[in-house]
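**Q** Quick one: structure below, then a few questions.
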Amino acid sequence: MPDLIDSALMTLGPFLFVAVSVIGVRMAGYWLSFVFFWRRYRRREAVTTTELRGLDVPFVKIQITTRGSDGSTGVILRGIRNVVELGREDPAFYRRFLSVEVVTESADQAETVRRVFHDAPIAVDALVIPANYETPAGTGLKARGLHYAVENRRGLWNRKSGRTFIVHYDEESVMVPEELRKLMKILSGTSKQVLEGPIFYPLEYLRASVLCRSMEANRPIGCYECRHVMESGVPLHLHGSNLVVDEALENELGWDIGSLDGQPFIAEDYVFGMNAFTKYGRDIFDWHGCLMLEQPPFSVHSAFKQRYRWIFGVLQGITAAARSSLFRTLPLRTRTGLLWGTRFRITTFALGAIVGTLSLLVVPLFVARAIAALILDDVPLIPEAASLWLAVIGAMWLGSVFVGAWHNVADAGLDRWTRAAEIARAVAVAPIAGICESSAALWAVVGWVSGKRGVAWIPTPKTKQADLASIRNGE
Amino acid sequence: MEPSIGFAVGDGLTAETAATAAAVANEELPMPTAAGKASLKTRVACLALLFTGALMASVFIGVPLAAALHGVLDQLLPDIVFAAAITAELALMVVYVILKTEKSVRVIPA
């Protein structure tokens with residue numbers, strides 16, 4: 001038996017060490033941003049309406065683009081109610097420049113939104129995407145709805161005479177009035193045209209499964225690096241919510257991103273970022289640092305599908321970019337950095353599934369051996385420097401879960417004991433949650449490599465009931 | 001907050017759909033608000049989870065760190081004490097940064 005264990009360690013150990021090191025290098029990117037640039041992560045100074053009155057605030061249109069699927073109306077109304085709450089602080093002032101636009105495939109949903117907010121202090125309008133609407137390039141899924149809004153704006157819908165920003169929301173996105181005021185202050189002074197901010201996941205927190213809460217804890221630390229990405233202006237990553245775009249640029253560029261080998265793009269945000277970068281360069285990007293709140297997926301099923309779509313979408317995006325004639329005009333170093341930087345990210349994400357699974361076998365053996373060597377003063381299994389490196393990687397990994405869980409529960413309305421318990425819970429189940437999450441990435445990569453290209457836009461269900469229905473329907 | 005909404009069947013909706021739409025429109029998904037006091041059960045569960053989380057940190061950080069320190073200190077107890085101290089110190093530094101990023105974010109301006 002000891003021989004078998006030794007043999008397993010000797011066989012798997014070196015591979016695992018290398019694989020874990022690759023992932024460690026990736027995590028170091030997050031931590032560099034966290035340790036050295038955390039001051040730029042969030043806007044910490046409070047902004048008042050009085051302060052805003054003294055500024056040249058641009059027009060701000062909050063756009064929620066949705067399929068209008070089951071359960072989405074309630075969460076959309078929640079997001080709008082928070083904007084309306086800001087409008088109530090000074091209706092005459094905010095009405096001048098702030099509005100909400102819902103772009104939906106559901107006429108019923110549009111009607112509900114209009115009726116609920118018909119007497120709101122700010123304008124709330126809804127645009128129904130006709131079932132037979134087609135973009136010139138045949139764009140599908142969410143980008144089709146986004147481009148429909150662009151075409152309407154080009155046609156002077158909700159036209160404003162002055163600088164205007166579109167703040168893109170997902171269905172469940174919420175920005176509380178405090179963060180909206182900060183955003184308006186930033187927008188009043190920026191010359192940049194594409195900006196992003198951090199997203200935390202405290203909404204409906206305890207309704208999500210334990211594994212989903214732990215998976216979601218990985219995301220806020222990624223946003224620390226997202227700041228670096230946006231400030232450096234190289235869109236290795238761009239998320240479609242908490243994305244603020246200058247309307248003039250959006251109208252010019254549009255969301256008519258077409259398709260790839262006849263299949264629509266599922267990560268329209270990534271493709272949009274790449275298109276903006278190749279056309280306008282890196283100087284248009286920036287980080288606004290105002291917080292958006294969202295909710296975790298309710299089930300592992302939904303979380304798996306969501307992660308699968310992210311990776312599959314980015315694989316579509318880099319393939320399309322590599323084929324683009326405009327992209328080929330970029331300097332070789334930029335192209336290489338973008339393509340291989342993205343591939344490196346995908347690889348480390350997918351590698352997590354293999355490393356995590358093998359670690360379930362190897363880590364107990366390694367720990368038992370290491371403890372035995374310590375107690376018996378025996379020869380260590382691996383050199384001290386290697387042990388130190390593994391400790392650093394372990395600290396970065398569990399630390400990122402710790403940081404993310406802390407941010408997620410901070411606004412979840414929990415007492416301090418439950419907050420502490422939730423952070424500890426996220427850390428405790430991190431090995432299993434990590435495997436679930438990265439398995440989706442691995443599955444997407446395997447599917448892509450084996451020639452799969454088909455995608456569907458099935459938004460993550462926004463209520464527990466819709467989630468259960470989605471699982472029952474096998475979506 | 002918003003006035004209650006009525007949907008008429010004559011609007012092109014079936015009675016059932018109208019009722020559902022009205023229910024959705026009037027239902028307010030609550031934003032999280034500050035919770036009350038934790039129960040004893042919550043506190044015990046919290047302690048158990050903190051212990052489990054600490055165990056996980058020991059496995060992935062503490063043990064390899066102690067093994068690395070063994071080359072320098074060469075004694076079991078100092079290895080463990082220093083590994084635990086370094087881990088705790090790192091955790092405190094991380095908490096410091098988190099609290100700094102959240103500081104004043106919660107202050108609601110007048």
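Naming scheme: A, B, ... for chains in displayed order of the structure tokens; residues 1 onward per chain; ligands 1 onward as shown.
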Excluding Asn158 of chain A and any residue of its chain fewer than 4 positions from it, enumerate the residues within 10 Å of it, using only C-alpha atoms, and give them as a ChimeraX atom specification.
**A** /A:61,99,101,123,125,152-154
**Q** Any chance you could tabulate, as a Markdown table, the residues of chain A at most 7 Å from chain B with each one's nearest atom pair and distance in Å to one decimal, using only C-alpha atoms, in chain and rising number order?
**A**
| residue | atom | partner | partner_atom | distance |
| --- | --- | --- | --- | --- |
| A:Trp38 | CA | B:Thr101 | CA | 6.9 |
| A:Arg39 | CA | B:Thr101 | CA | 6.8 |
| A:Arg42 | CA | B:Thr101 | CA | 6.4 |
| A:Arg44 | CA | B:Val105 | CA | 5.2 |
| A:Glu45 | CA | B:Ser104 | CA | 6.6 |
| A:Ala46 | CA | B:Pro109 | CA | 6.2 |
| A:Val47 | CA | B:Pro109 | CA | 6.9 |
| A:Thr48 | CA | B:Pro109 | CA | 5.9 |
| A:Thr73 | CA | B:Val24 | CA | 6.9 |
| A:Gly74 | CA | B:Val24 | CA | 5.9 |
| A:Val75 | CA | B:Leu29 | CA | 6.9 |
| A:Arg78 | CA | B:Leu29 | CA | 6.1 |
| A:Thr112 | CA | B:Ala25 | CA | 6.4 |
| A:Val116 | CA | B:Ala25 | CA | 6.5 |
| A:Glu178 | CA | B:Ile108 | CA | 6.9 |
| A:Leu203 | CA | B:Pro32 | CA | 6.9 |
| A:Val367 | CA | B:Val63 | CA | 6.7 |
| A:Ala370 | CA | B:Ala67 | CA | 6.5 |
| A:Leu374 | CA | B:Leu76 | CA | 6.1 |
| A:Ile375 | CA | B:Leu76 | CA | 6.4 |
| A:Glu384 | CA | B:Ala68 | CA | 4.2 |
| A:Ala385 | CA | B:Ala68 | CA | 6.4 |
| A:Ser387 | CA | B:Pro64 | CA | 4.9 |
| A:Leu388 | CA | B:Ala68 | CA | 5.2 |
| A:Leu390 | CA | B:Pro64 | CA | 6.4 |
| A:Ala391 | CA | B:Ile61 | CA | 4.5 |
| A:Gly394 | CA | B:Phe60 | CA | 5.0 |
| A:Ala395 | CA | B:Ile61 | CA | 5.7 |
| A:Asp411 | CA | B:Pro32 | CA | 6.8 |
| A:Ala412 | CA | B:Pro32 | CA | 5.3 |
| A:Gly413 | CA | B:Pro32 | CA | 4.5 |
| A:Leu414 | CA | B:Ala35 | CA | 5.1 |
| A:Asp415 | CA | B:Ala35 | CA | 5.1 |
| A:Trp417 | CA | B:Arg43 | CA | 6.0 |
| A:Thr418 | CA | B:Thr42 | CA | 6.6 |
| A:Ala420 | CA | B:Cys46 | CA | 6.6 |
| A:Ala421 | CA | B:Cys46 | CA | 4.3 |
| A:Ala424 | CA | B:Gly53 | CA | 5.0 |
| A:Arg425 | CA | B:Leu49 | CA | 5.8 |
| A:Val427 | CA | B:Gly53 | CA | 5.6 |
| A:Ala428 | CA | B:Gly53 | CA | 4.8 |
**Q** For the structure I just gave you, how does DSSP split segment 54-220 of chain A - specifically, which residues are helix (DSSP H, G or I)? Reply as a ChimeraX atom specification.
**A** /A:72-89,91-95,107-116,141-154,177-189,205-207,210-216,219-220
**Q** Please measure the separation of atom CA of His168 of chain A and atom CA of Ser299 of chain A, giving the value in Å to one decimal.
**A**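 It comes out at 25.1 Å.
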**Q** Each residue of segment 358-456 of chain A lying at most 8 Å from segment 252-273 of chain A should get a row with its shortest atom-to-atom pair and the distance in Å to one decimal, counting only C-alpha atoms; could you produce that, ordered by chain and increasing number, as a tab-separated table?
**A**
residue	atom	partner	partner_atom	distance
A:Arg453	CA	A:Gln263	CA	6.7
A:Gly454	CA	A:Gln263	CA	6.1
A:Val455	CA	A:Ile266	CA	6.8
A:Ala456	CA	A:Ile266	CA	7.3
**Q** Write the residues of the preceding selection, restricted to N, CA, C and O atoms, as a PDB file, in the first residue's frame.
**A**
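Listing of again30.pdb after writing:
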ATOM      1  N   ARG A 453     -20.200  24.153 -32.157  1.00  0.00           N
ATOM      2  CA  ARG A 453     -20.289  25.595 -32.386  1.00  0.00           C
ATOM      3  C   ARG A 453     -21.656  26.177 -32.001  1.00  0.00           C
ATOM      4  O   ARG A 453     -21.807  27.380 -31.938  1.00  0.00           O
ATOM      5  N   GLY A 454     -22.659  25.349 -31.798  1.00  0.00           N
ATOM      6  CA  GLY A 454     -24.024  25.832 -31.530  1.00  0.00           C
ATOM      7  C   GLY A 454     -24.152  26.457 -30.145  1.00  0.00           C
ATOM      8  O   GLY A 454     -23.546  25.982 -29.181  1.00  0.00           O
ATOM      9  N   VAL A 455     -24.925  27.543 -30.053  1.00  0.00           N
ATOM     10  CA  VAL A 455     -25.153  28.202 -28.762  1.00  0.00           C
ATOM     11  C   VAL A 455     -26.612  28.636 -28.660  1.00  0.00           C
ATOM     12  O   VAL A 455     -27.308  28.745 -29.657  1.00  0.00           O
ATOM     13  N   ALA A 456     -27.051  28.890 -27.432  1.00  0.00           N
ATOM     14  CA  ALA A 456     -28.412  29.408 -27.219  1.00  0.00           C
ATOM     15  C   ALA A 456     -28.353  30.459 -26.126  1.00  0.00           C
ATOM     16  O   ALA A 456     -27.517  30.377 -25.225  1.00  0.00           O
TER      17      ALA A 456
END
